[in-house]
Every structure is written in C-alpha cells, then in structure tokens.
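> Got a structure for you, written out below as structure tokens; questions coming shortly.
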Amino acid sequence: DLIHTATNTASVIDLVTLFATNVDTVAQDVILYLGGTTSPDDLRTVNLAAGATLEVILPGLMYDGGVAIRAKCTTANVVIIDGEVTRVTG
C-alpha cells in the first residue's frame, strides 16, 4: 500500500520517518518498497516482534524525485504504520 509520494520539486527533499506497531501475537515482517522493487537497493525488510509498539522502521531518510514509498506485511491487518514527513526547501 502507498504510504507517501516524495516531492518532485527541485531543491526540495522529504525527510521520512516511519513507525510500526504489531498488534498480532506473532512476529511480522514488514517490507518497505522505497522507490522500486529491486533487492537490496529499493527494499528494506523489518521484523516486528509480537506486540511491538512504535518501532522505527524508517529513520528520517531523504527522498525526492517523486519516489513512492510503499509497504506490505506478511499478514494483513495486524501492523499499523504511522509516520511523519518533514519537507525541507533549500
């Protein structure tokens, strides 16, 4: 599922931080697609322990060029992803 599309404006970047909560009783893998589907360049897999709350899964990394950030999980409807985007101009 699409989480965020980074800015496509010259001299502007998005700093993206994502947190995940696993409400399931078993660990879950979250796969982040960071602009593509090539492993390992565009993929990041994070294992979330059962009951994990607000674990950082993307620590304020810089994105631009209209990059699409997507995520999927091994089991549907058990991981909640929250986050924030800081848009920096310069």
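Scheme for the structure tokens: letters A, B, ... for chains in order shown; per-chain residue numbers from 1; ligand numbers from 1 in order shown.
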Give one line per residue of region 59-81 of chain A that approaches region 43-55 of chain A to at most 12 Å, naming the two atoms of the closest pair and their distance in Å to one decimal, counting only C-alpha atoms; sort by chain then ascending residue number and deliver it as CSV.


residue,atom,partner,partner_atom,distance
A:Pro59,CA,A:Glu55,CA,10.0
A:Ile69,CA,A:Leu43,CA,10.0
A:Arg70,CA,A:Leu43,CA,9.8
A:Ala71,CA,A:Arg44,CA,9.5
A:Lys72,CA,A:Thr45,CA,9.7
A:Cys73,CA,A:Thr45,CA,9.5
A:Thr74,CA,A:Asn47,CA,10.0
A:Thr75,CA,A:Leu48,CA,11.9
A:Val78,CA,A:Gly51,CA,9.8
A:Val79,CA,A:Leu48,CA,8.8
A:Ile80,CA,A:Leu54,CA,8.8
A:Ile81,CA,A:Leu54,CA,8.2

> Excluding Arg87 (chain A) and any residue of its chain fewer than 4 positions from it, enumerate the residues within 10 Å of it, using only C-alpha atoms, and give them as a ChimeraX atom specification.

/A:6-7,12-16,62-64

> Pick the closest to Leu32 (chain A) from A:Ala76, A:Val88, A:Leu18, A:Ala10: which is it, counting only C-alpha atoms?

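Ranking A:Ala76, A:Val88, A:Leu18, A:Ala10 by distance to Leu32 (chain A), first place goes to A:Leu18.
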
> In chain A, what's strand (DSSP E or B) per DSSP? Answer as an MDAnalysis selection string?

chainID A and resid 2:5 12:22 28:34 43:48 55:63 68:73 79:89

> Could you write out that same residue set with C-alpha atoms as an mmCIF file, in the first residue's frame?


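What follows is the written file result.cif:
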data_model
loop_
_atom_site.group_PDB
_atom_site.id
_atom_site.type_symbol
_atom_site.label_atom_id
_atom_site.label_comp_id
_atom_site.auth_asym_id
_atom_site.auth_seq_id
_atom_site.Cartn_x
_atom_site.Cartn_y
_atom_site.Cartn_z
ATOM 1 C CA LEU A 2 1.184 3.519 -0.769
ATOM 2 C CA ILE A 3 2.377 5.415 2.293
ATOM 3 C CA HIS A 4 3.905 8.562 0.763
ATOM 4 C CA THR A 5 4.995 10.012 -2.561
ATOM 5 C CA VAL A 12 13.130 20.252 -2.070
ATOM 6 C CA ILE A 13 13.523 16.978 -0.160
ATOM 7 C CA ASP A 14 11.284 14.988 2.147
ATOM 8 C CA LEU A 15 12.667 13.524 5.364
ATOM 9 C CA VAL A 16 10.518 10.459 6.025
ATOM 10 C CA THR A 17 10.245 8.724 9.404
ATOM 11 C CA LEU A 18 8.001 5.683 9.823
ATOM 12 C CA PHE A 19 6.963 3.750 12.920
ATOM 13 C CA ALA A 20 5.200 0.385 13.071
ATOM 14 C CA THR A 21 3.044 -1.321 15.683
ATOM 15 C CA ASN A 22 2.378 -5.061 15.518
ATOM 16 C CA GLN A 28 5.571 -9.995 11.391
ATOM 17 C CA ASP A 29 7.836 -8.968 8.521
ATOM 18 C CA VAL A 30 7.195 -5.538 7.044
ATOM 19 C CA ILE A 31 8.646 -4.960 3.580
ATOM 20 C CA LEU A 32 9.225 -1.332 2.589
ATOM 21 C CA TYR A 33 9.445 -0.528 -1.117
ATOM 22 C CA LEU A 34 11.499 2.644 -1.375
ATOM 23 C CA LEU A 43 13.724 -2.915 -0.400
ATOM 24 C CA ARG A 44 14.028 -2.922 3.357
ATOM 25 C CA THR A 45 12.628 -5.783 5.441
ATOM 26 C CA VAL A 46 11.966 -5.202 9.131
ATOM 27 C CA ASN A 47 10.922 -7.961 11.529
ATOM 28 C CA LEU A 48 8.498 -6.715 14.186
ATOM 29 C CA GLU A 55 9.203 0.657 16.340
ATOM 30 C CA VAL A 56 11.210 2.879 13.987
ATOM 31 C CA ILE A 57 11.207 1.214 10.578
ATOM 32 C CA LEU A 58 12.464 4.194 8.534
ATOM 33 C CA PRO A 59 14.644 6.689 10.427
ATOM 34 C CA GLY A 60 14.200 10.101 8.774
ATOM 35 C CA LEU A 61 15.784 9.299 5.419
ATOM 36 C CA MET A 62 15.817 11.759 2.497
ATOM 37 C CA TYR A 63 13.655 11.214 -0.588
ATOM 38 C CA ALA A 68 6.808 6.241 -3.985
ATOM 39 C CA ILE A 69 7.182 4.664 -0.537
ATOM 40 C CA ARG A 70 5.050 1.552 -0.111
ATOM 41 C CA ALA A 71 4.745 -1.209 2.473
ATOM 42 C CA LYS A 72 3.332 -4.678 2.815
ATOM 43 C CA CYS A 73 3.230 -7.184 5.631
ATOM 44 C CA VAL A 79 0.565 -3.915 11.523
ATOM 45 C CA ILE A 80 -0.181 -0.206 11.894
ATOM 46 C CA ILE A 81 2.232 2.238 10.255
ATOM 47 C CA ASP A 82 2.469 5.831 11.481
ATOM 48 C CA GLY A 83 4.945 8.466 10.487
ATOM 49 C CA GLU A 84 5.886 11.986 9.671
ATOM 50 C CA VAL A 85 7.318 13.832 6.710
ATOM 51 C CA THR A 86 9.388 16.977 7.064
ATOM 52 C CA ARG A 87 9.644 18.845 3.762
ATOM 53 C CA VAL A 88 12.899 20.790 3.507
ATOM 54 C CA THR A 89 13.476 23.537 0.967
#

> Would you please work out which residue, of A:Asn77, A:Ser39, A:Gly90, A:Val23, is nearest to Asp1 (chain A) when using only C-alpha atoms?

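For Asp1 (chain A), the nearest of the given residues is A:Asn77.
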